[in-house]
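Working notes, structure below.
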Amino acid sequence: MKFAAAVALIFCIAHNAAAETKIVAVEGSGLFIDTVPSMAKVFLDGVERGRTPLTLSDVTNGGHSLHITKDFYTDYDIRFTMPNNGALRISADLIRTEGALVIRLFDEAGNAIPVTKGVKIIVDSQTASGTSFKLSGGPHEIEVSVFGKKPGRKNVLVSTGKTETLDIILEPVEFDIAGLKVSARAFNPRNSGWEGLVKINWTVTAAGGGALIIEKPAGNPLFSFDCGDFTQNNNSLLWGGLKPDGTVLSDGEYFLHIEGTGAGGAEIKKSESVAVSIDSSLDNMPVSITTPVSGLIFAPVSGLIAKNSFMLSATLYGGKLPGSKGYFDSLDFAAGLLWAPAGDWQISAGVNLTPRFEGDLKPAVALSVKKFFIAANGLIPSVSAAFSYGWALEASEAGAALFSGATLTSPLSWKLPLGFSLHFAPALLWTGAHGYPAEAAPRLLLSQGIMYKNRAIAAGFSAKESFTFDAQAAYITPFRMAAEFYFYPPRTAGIIGIALGTFLDGGEAAFFGALTLSFTH
């Protein structure tokens with residue numbers, strides 16, 4: 001009871017503090033004082049006694065005044081009562097004082113530098129907004145960077161309740177070009193969207209202008225493109241593998257670099273050279289959820305997407321699909337992920353969800369690995385091979401044409417004039433009753449399709465036939481076909497597609513539609 005009363009008494013008269021305070025009775029004897037931060041001066045009843053953390057063993061019983069002070073922090077004052085035969089601990093979090101700072105920037109001739117978007121001011125490793133702001137009292141480190149100038153660094157001491165003015169003179173920097181990078185080391189200019197472009201990035205130290213130089217081989221300039229004025233450190237442009245007359249360059253390796261001069265007409269500076277390959281075999285086809293090998297809905301193609309890139313596709317189906325009891329008894333959703341690591345490999349994954357309106361959900365998943373072998377050359381088609389494995393909860397084919405079981409596919413693709421291409425893909429499928437791959441007898445799948453593609457659109461027609469070698473095998477639709485159209489918004493990573501398809505179901509034709517949205521990176 002005596003301990004509780006003492007604590008209550010202490011808290012009743014410990015008030016008007018300028019900082020957060022904790023005063024508690026502790027075991028032992030004496031007065032213990034600590035602060036955050038430490039090393040604050042302590043005055044007890046007007047007499048300086050030391051710096052925190054501090055222990056005083058000669059404090060008498062009764063009332064006392066405590067004064068704590070530290071540079072650039074608000075003074076701390078409090079009155080307290082020391083209990084009989086007891087000990088107290090007083091803890092205080094000191095409050096930092098504030099001042100103000102105004103920064104003025106000048107060039108080497110003494111002219112004021114206007115604060116624009118290109119001016120960056122960092123205070124104590126933190127980016128500041130504007131040139132006038134409040135700061136806590138004490139020392140601060142200021143760093144200023146302006147395009148075309150050497151960085152300026154200064155230390156300043158901000159006093160409590162005062163406004164300090166800091167003048168920084170920035171000297172000019174010599175014009176130079178560096179840091180040339182490209183978004184892809186190989187691309188196909190005939191592709192749509194970002195897949196048909198390469199982004200070129202570089203940095204300059206000061207204002208100027210220049211041009212992109214295309215060489216083949218290195219050191220032999222073919223042509224150049226004006227880059228315009230350099231008005232900031234980081235610069236970029238998009239190149240679509242085109243000549244100045246708008247025609248596409250032939251396949252091969254090209255060397256790119258930037259040449260430029262400073263605003264004052266200084267000597268010509270060159271960036272390092274970067275090699276970029278134009279490869280017409282890199283076709284950014286839509287993701288097919290069928291195997292899931294990239295291509296048309298019912299006709300996989302042999303080509304790969306760009307190396308070190310991926311494509312994500314989501315499709316919503318409506319109408320009547322394989323396995324459906326009737327039209328619009330479900331709204332199938334399918335998604336595919338396509339990834340091309342280094343080399344001539346491609347890895348795909350697909351998932352199909354059939355949420356039936358009766359209340360149940362029928363899922364299916366598939367994984368595919370694809371290897372590219374031969375590029376198309378005249379009458380010789382491009383050739384690849386893919387192995388896929390899928391699983392469906394019900395039947396051997398899910399709504400979006402994901403097959404349950406193991407599939408070995410060899411897509412063949414021929415390039416035709418005027419942007420057309422022809423595709424044929426024989427495949428063997430091993431599956432079992434109700435979709436479980438326990439049946440040894442294979443099924444032959446024959447896929448064929450034709451596609452037209454330019455930099456803005458792609459359109460195609462595909463069909464797939466199935467041949468069963470075991471009369472006891474699970475139900476499988478014998479024939480299906482679809483027509484589809486894709487739009488590639490310019491300078492984006494998106495692909496928008498629509499499709500209309502049909503399949504034969506018990507001698508009667510059933511129809512479905514699809515809306516697809518894809519992104520490449």
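If you're wondering about the labels, chains in the structure tokens are A, B, ... by order shown, residues count from 1 in each chain, ligands from 1 in order shown.
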Check your understanding: Leaving out Leu408 of chain A and any residue of its chain fewer than 3 positions from it, which residues lie within 8 Å of it when counting only C-alpha atoms, given as a count of residues only?
Key -> 7
Practice item. Could you please write out, as an MDAnalysis selection string, every residue of segment 249-374 of chain A that DSSP assigns to strand (DSSP E)? Key: chainID A and resid 252:262 269:270 274:278 309:319 333:340 345:355 361:374
Review point. Any idea what's packed within 6 Å of Val383 of chain A, counting only C-alpha atoms, ignoring anything in its chain fewer than 2 positions away? Could you give it as a VMD selection string?
Key: chain A and resid 302 373 to 374 412
Same residues, N, CA, C and O atoms, saved as a PDB file, in the first residue's frame:
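New file part_22.pdb:
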```
ATOM      1  N   SER A 302       5.191 -23.998 -84.191  1.00  0.00           N
ATOM      2  CA  SER A 302       6.535 -24.403 -83.801  1.00  0.00           C
ATOM      3  C   SER A 302       7.353 -23.265 -83.212  1.00  0.00           C
ATOM      4  O   SER A 302       8.325 -23.503 -82.512  1.00  0.00           O
ATOM      5  N   PHE A 373      13.758 -26.836 -82.908  1.00  0.00           N
ATOM      6  CA  PHE A 373      14.870 -27.524 -83.571  1.00  0.00           C
ATOM      7  C   PHE A 373      15.303 -26.848 -84.878  1.00  0.00           C
ATOM      8  O   PHE A 373      16.481 -26.577 -85.080  1.00  0.00           O
ATOM      9  N   ILE A 374      14.361 -26.581 -85.779  1.00  0.00           N
ATOM     10  CA  ILE A 374      14.712 -26.117 -87.129  1.00  0.00           C
ATOM     11  C   ILE A 374      13.900 -24.879 -87.462  1.00  0.00           C
ATOM     12  O   ILE A 374      12.684 -24.841 -87.243  1.00  0.00           O
ATOM     13  N   LEU A 412       4.707 -28.258 -86.847  1.00  0.00           N
ATOM     14  CA  LEU A 412       5.426 -27.863 -88.062  1.00  0.00           C
ATOM     15  C   LEU A 412       4.790 -26.578 -88.578  1.00  0.00           C
ATOM     16  O   LEU A 412       3.564 -26.463 -88.631  1.00  0.00           O
TER      17      LEU A 412
END
```
Would you write out, as a Markdown table, a table of all residues in segment 13-77 of chain A that have an atom no more than 8 Å from an atom of segment 137-151 of chain A, listing for each the closest atom pair and the distance in Å to one decimal, considering only C-alpha atoms and ordering rows by chain and rising residue number?
```
| residue | atom | partner | partner_atom | distance |
| --- | --- | --- | --- | --- |
| A:Asp71 | CA | A:Gly138 | CA | 7.8 |
| A:Phe72 | CA | A:Gly137 | CA | 4.8 |
| A:Tyr73 | CA | A:Gly137 | CA | 7.5 |
```
Preceding selection exported with C-alpha atoms as a PDB file, in the first residue's frame:
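Okay, this is what ended up in result-v6.pdb:
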```pdb
ATOM      1  CA  ASP A  71      21.604  20.969 -27.536  1.00  0.00           C
ATOM      2  CA  PHE A  72      18.884  20.974 -30.213  1.00  0.00           C
ATOM      3  CA  TYR A  73      16.317  19.463 -27.827  1.00  0.00           C
TER       4      TYR A  73
END
```
Neighbouring residues of Gly161 of chain A were defined as those with any atom within 12 Å, considering only C-alpha atoms; residues of the same chain fewer than 4 positions away were excluded. Please report them as a PDB file with C-alpha atoms, in the first residue's frame.
```pdb
ATOM      1  CA  PHE A  72      18.884  20.974 -30.213  1.00  0.00           C
ATOM      2  CA  TYR A  73      16.317  19.463 -27.827  1.00  0.00           C
ATOM      3  CA  THR A  74      13.582  21.123 -25.800  1.00  0.00           C
ATOM      4  CA  ARG A  96      13.997  17.696 -30.807  1.00  0.00           C
ATOM      5  CA  THR A  97      13.722  21.382 -31.610  1.00  0.00           C
ATOM      6  CA  GLU A  98      13.003  22.737 -35.090  1.00  0.00           C
ATOM      7  CA  GLY A  99      14.483  25.346 -37.360  1.00  0.00           C
ATOM      8  CA  ALA A 100      14.190  26.155 -41.049  1.00  0.00           C
ATOM      9  CA  LEU A 101      16.518  25.932 -44.057  1.00  0.00           C
ATOM     10  CA  LYS A 134      11.662  22.760 -41.667  1.00  0.00           C
ATOM     11  CA  LEU A 135      14.413  20.665 -40.137  1.00  0.00           C
ATOM     12  CA  SER A 136      15.222  19.470 -36.655  1.00  0.00           C
ATOM     13  CA  GLY A 137      17.873  21.472 -34.886  1.00  0.00           C
ATOM     14  CA  GLY A 138      21.452  20.300 -35.329  1.00  0.00           C
TER      15      GLY A 138
END
```
Exercise for review: Would you work out the distance separating atom CA of Val36 of chain A from atom CA of Met82 of chain A, expressed in Å to one decimal?
Suggested key: 22.5 Å
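Computed from the coordinates, the atom CA of Met451 of chain A to atom CA of Leu379 of chain A distance equals 16.9 Å.
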Within 8 Å of Arg51 of chain A, counting only C-alpha atoms, which residues show up once you throw out same-chain ones fewer than 4 positions away? Write them as a compact mmCIF listing (two decimals) with all heavy atoms, in the first residue's frame, please.
```txt
# COMPACT_ATOMS: atom_id res chain seq x y z
N SER A 38 20.77 9.97 -24.90
CA SER A 38 21.54 10.09 -23.66
C SER A 38 22.48 11.31 -23.74
O SER A 38 22.42 12.08 -24.69
CB SER A 38 22.35 8.81 -23.43
OG SER A 38 23.23 8.58 -24.52
N MET A 39 23.35 11.44 -22.73
CA MET A 39 24.33 12.53 -22.64
C MET A 39 23.69 13.90 -22.51
O MET A 39 24.20 14.91 -22.98
CB MET A 39 25.30 12.50 -23.82
CG MET A 39 26.13 11.22 -23.91
SD MET A 39 27.07 10.90 -22.39
CE MET A 39 28.19 12.28 -22.39
N ALA A 40 22.53 13.95 -21.86
CA ALA A 40 21.89 15.23 -21.56
C ALA A 40 22.34 15.71 -20.18
O ALA A 40 22.56 14.90 -19.27
CB ALA A 40 20.37 15.08 -21.60
N LYS A 41 22.52 17.04 -20.03
CA LYS A 41 22.93 17.60 -18.74
C LYS A 41 21.77 17.56 -17.75
O LYS A 41 20.63 17.85 -18.10
CB LYS A 41 23.39 19.04 -18.91
CG LYS A 41 24.74 19.19 -19.60
CD LYS A 41 25.14 20.65 -19.65
CE LYS A 41 26.49 20.84 -20.35
NZ LYS A 41 26.88 22.28 -20.38
N VAL A 42 22.09 17.21 -16.48
CA VAL A 42 21.07 17.09 -15.43
C VAL A 42 21.35 18.12 -14.35
O VAL A 42 22.48 18.20 -13.83
CB VAL A 42 21.07 15.67 -14.83
CG1 VAL A 42 20.09 15.59 -13.67
CG2 VAL A 42 20.74 14.63 -15.90
```
Review point. Can you list, as a PyMOL selection string, every protein, DNA or RNA residue that comes within 10 Å of Leu422 of chain A when you count only C-alpha atoms, leaving out same-chain residues fewer than 2 positions away?
Key: chain A and resi 299+301+381+412-416+420+424+448-452+460+462
Go ahead and save the picked residues with all heavy atoms, as a compact mmCIF listing (two decimals), in the first residue's frame.
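Okay, this is what ended up in selection08.txt:
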```txt
# COMPACT_ATOMS: atom_id res chain seq x y z
N ALA A 299 -4.44 -25.41 -82.97
CA ALA A 299 -3.26 -25.74 -83.79
C ALA A 299 -2.02 -25.12 -83.19
O ALA A 299 -1.73 -23.95 -83.44
CB ALA A 299 -3.47 -25.27 -85.23
N VAL A 301 1.84 -24.05 -82.81
CA VAL A 301 2.82 -23.68 -83.83
C VAL A 301 4.22 -23.98 -83.30
O VAL A 301 4.43 -24.18 -82.10
CB VAL A 301 2.70 -22.18 -84.20
CG1 VAL A 301 1.30 -21.87 -84.71
CG2 VAL A 301 3.03 -21.30 -83.00
N PRO A 381 9.76 -26.57 -93.30
CA PRO A 381 9.06 -25.91 -92.19
C PRO A 381 9.96 -25.78 -90.96
O PRO A 381 10.98 -26.46 -90.82
CB PRO A 381 7.91 -26.88 -91.90
CG PRO A 381 8.47 -28.22 -92.25
CD PRO A 381 9.40 -27.99 -93.43
N LEU A 412 4.71 -28.26 -86.85
CA LEU A 412 5.43 -27.86 -88.06
C LEU A 412 4.79 -26.58 -88.58
O LEU A 412 3.56 -26.46 -88.63
CB LEU A 412 5.35 -28.96 -89.13
CG LEU A 412 5.70 -30.39 -88.70
CD1 LEU A 412 5.43 -31.36 -89.84
CD2 LEU A 412 7.14 -30.47 -88.25
N SER A 413 5.61 -25.61 -88.97
CA SER A 413 5.08 -24.32 -89.44
C SER A 413 5.80 -23.89 -90.70
O SER A 413 7.04 -23.91 -90.76
CB SER A 413 5.23 -23.25 -88.36
OG SER A 413 4.51 -23.59 -87.19
N TRP A 414 5.02 -23.50 -91.72
CA TRP A 414 5.56 -22.98 -92.96
C TRP A 414 5.23 -21.49 -93.07
O TRP A 414 4.09 -21.09 -92.79
CB TRP A 414 4.97 -23.69 -94.17
CG TRP A 414 5.40 -25.10 -94.36
CD1 TRP A 414 6.39 -25.56 -95.16
CD2 TRP A 414 4.81 -26.26 -93.75
NE1 TRP A 414 6.48 -26.93 -95.09
CE2 TRP A 414 5.53 -27.38 -94.23
CE3 TRP A 414 3.78 -26.46 -92.83
CZ2 TRP A 414 5.21 -28.69 -93.83
CZ3 TRP A 414 3.48 -27.75 -92.44
CH2 TRP A 414 4.19 -28.85 -92.93
N LYS A 415 6.19 -20.70 -93.50
CA LYS A 415 5.93 -19.28 -93.75
C LYS A 415 5.48 -19.10 -95.20
O LYS A 415 6.14 -19.57 -96.13
CB LYS A 415 7.18 -18.45 -93.48
CG LYS A 415 7.49 -18.32 -92.00
CD LYS A 415 8.54 -17.25 -91.74
CE LYS A 415 8.70 -17.03 -90.24
NZ LYS A 415 9.67 -15.96 -89.94
N LEU A 416 4.37 -18.38 -95.36
CA LEU A 416 3.81 -18.10 -96.67
C LEU A 416 3.95 -16.62 -96.99
O LEU A 416 4.21 -15.81 -96.09
CB LEU A 416 2.34 -18.51 -96.70
CG LEU A 416 2.03 -19.98 -96.33
CD1 LEU A 416 0.53 -20.23 -96.36
CD2 LEU A 416 2.76 -20.94 -97.27
N PHE A 420 1.23 -14.63 -94.15
CA PHE A 420 0.48 -15.83 -93.80
C PHE A 420 1.46 -16.92 -93.36
O PHE A 420 2.64 -16.95 -93.72
CB PHE A 420 -0.34 -16.33 -94.99
CG PHE A 420 -1.56 -15.50 -95.27
CD1 PHE A 420 -1.49 -14.41 -96.12
CD2 PHE A 420 -2.78 -15.81 -94.67
CE1 PHE A 420 -2.60 -13.64 -96.38
CE2 PHE A 420 -3.90 -15.04 -94.92
CZ PHE A 420 -3.81 -13.95 -95.78
N PHE A 424 0.82 -27.32 -88.96
CA PHE A 424 0.34 -28.70 -88.86
C PHE A 424 1.02 -29.33 -87.66
O PHE A 424 2.24 -29.23 -87.49
CB PHE A 424 0.66 -29.48 -90.13
CG PHE A 424 0.24 -30.93 -90.07
CD1 PHE A 424 -1.10 -31.28 -90.04
CD2 PHE A 424 1.20 -31.94 -90.03
CE1 PHE A 424 -1.49 -32.61 -89.97
CE2 PHE A 424 0.81 -33.27 -89.95
CZ PHE A 424 -0.53 -33.60 -89.93
N GLN A 448 -4.41 -28.61 -87.57
CA GLN A 448 -3.98 -27.82 -88.70
C GLN A 448 -4.57 -26.42 -88.59
O GLN A 448 -5.64 -26.24 -88.01
CB GLN A 448 -4.37 -28.45 -90.04
CG GLN A 448 -5.83 -28.89 -90.15
CD GLN A 448 -6.04 -30.29 -89.62
OE1 GLN A 448 -5.25 -31.18 -89.87
NE2 GLN A 448 -7.13 -30.49 -88.89
N GLY A 449 -3.85 -25.44 -89.12
CA GLY A 449 -4.35 -24.08 -89.04
C GLY A 449 -3.62 -23.17 -90.00
O GLY A 449 -2.53 -23.48 -90.49
N ILE A 450 -4.21 -22.04 -90.25
CA ILE A 450 -3.61 -21.01 -91.07
C ILE A 450 -3.75 -19.68 -90.33
O ILE A 450 -4.78 -19.43 -89.68
CB ILE A 450 -4.24 -20.93 -92.48
CG1 ILE A 450 -3.45 -19.95 -93.35
CG2 ILE A 450 -5.72 -20.57 -92.41
CD1 ILE A 450 -3.86 -20.02 -94.82
N MET A 451 -2.69 -18.87 -90.37
CA MET A 451 -2.70 -17.61 -89.63
C MET A 451 -2.17 -16.49 -90.50
O MET A 451 -1.26 -16.67 -91.32
CB MET A 451 -1.84 -17.71 -88.36
CG MET A 451 -1.69 -16.40 -87.60
SD MET A 451 -0.61 -16.52 -86.15
CE MET A 451 -1.71 -17.34 -85.01
N TYR A 452 -2.78 -15.31 -90.31
CA TYR A 452 -2.25 -14.08 -90.88
C TYR A 452 -1.86 -13.17 -89.72
O TYR A 452 -2.62 -13.00 -88.77
CB TYR A 452 -3.29 -13.37 -91.75
CG TYR A 452 -2.86 -11.98 -92.14
CD1 TYR A 452 -1.93 -11.78 -93.16
CD2 TYR A 452 -3.35 -10.87 -91.48
CE1 TYR A 452 -1.51 -10.50 -93.50
CE2 TYR A 452 -2.94 -9.59 -91.80
CZ TYR A 452 -2.01 -9.41 -92.82
OH TYR A 452 -1.59 -8.15 -93.14
N GLY A 460 -6.67 -16.16 -87.44
CA GLY A 460 -6.38 -17.53 -87.82
C GLY A 460 -7.59 -18.42 -87.77
O GLY A 460 -8.63 -18.09 -87.18
N SER A 462 -8.26 -22.71 -87.15
CA SER A 462 -7.62 -23.96 -86.77
C SER A 462 -8.65 -25.05 -86.56
O SER A 462 -9.83 -24.78 -86.27
CB SER A 462 -6.79 -23.78 -85.50
OG SER A 462 -7.61 -23.38 -84.42
```
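Residue nearest Leu316 of chain A within the list A:Ala342, A:Leu515, A:Met481, A:Leu94: A:Leu515 [criterion: smallest interatomic distance, only C-alpha atoms].
Across the structure, atom CA of Glu253 of chain A and atom CA of Asn233 of chain A are spaced 28.4 Å apart.
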Exercise for review: Identify, on the basis of only C-alpha atoms, every residue whose closest approach to Ile268 of chain A does not exceed 7 Å; exclude the query and any residue fewer than 6 positions from it along the same chain; express the result as a VMD selection string.
Suggested key: chain A and resid 259 to 261
Written selection (N, CA and C atoms) as a PDB file, in the first residue's frame:
```
ATOM      1  N   GLU A 259      25.999   8.541 -80.777  1.00  0.00           N
ATOM      2  CA  GLU A 259      26.991   9.594 -80.959  1.00  0.00           C
ATOM      3  C   GLU A 259      26.322  10.933 -80.695  1.00  0.00           C
ATOM      4  N   GLY A 260      27.025  11.851 -80.027  1.00  0.00           N
ATOM      5  CA  GLY A 260      26.424  13.148 -79.733  1.00  0.00           C
ATOM      6  C   GLY A 260      27.450  14.176 -79.345  1.00  0.00           C
ATOM      7  N   THR A 261      27.001  15.427 -79.267  1.00  0.00           N
ATOM      8  CA  THR A 261      27.831  16.544 -78.831  1.00  0.00           C
ATOM      9  C   THR A 261      27.074  17.344 -77.787  1.00  0.00           C
TER      10      THR A 261
END
```
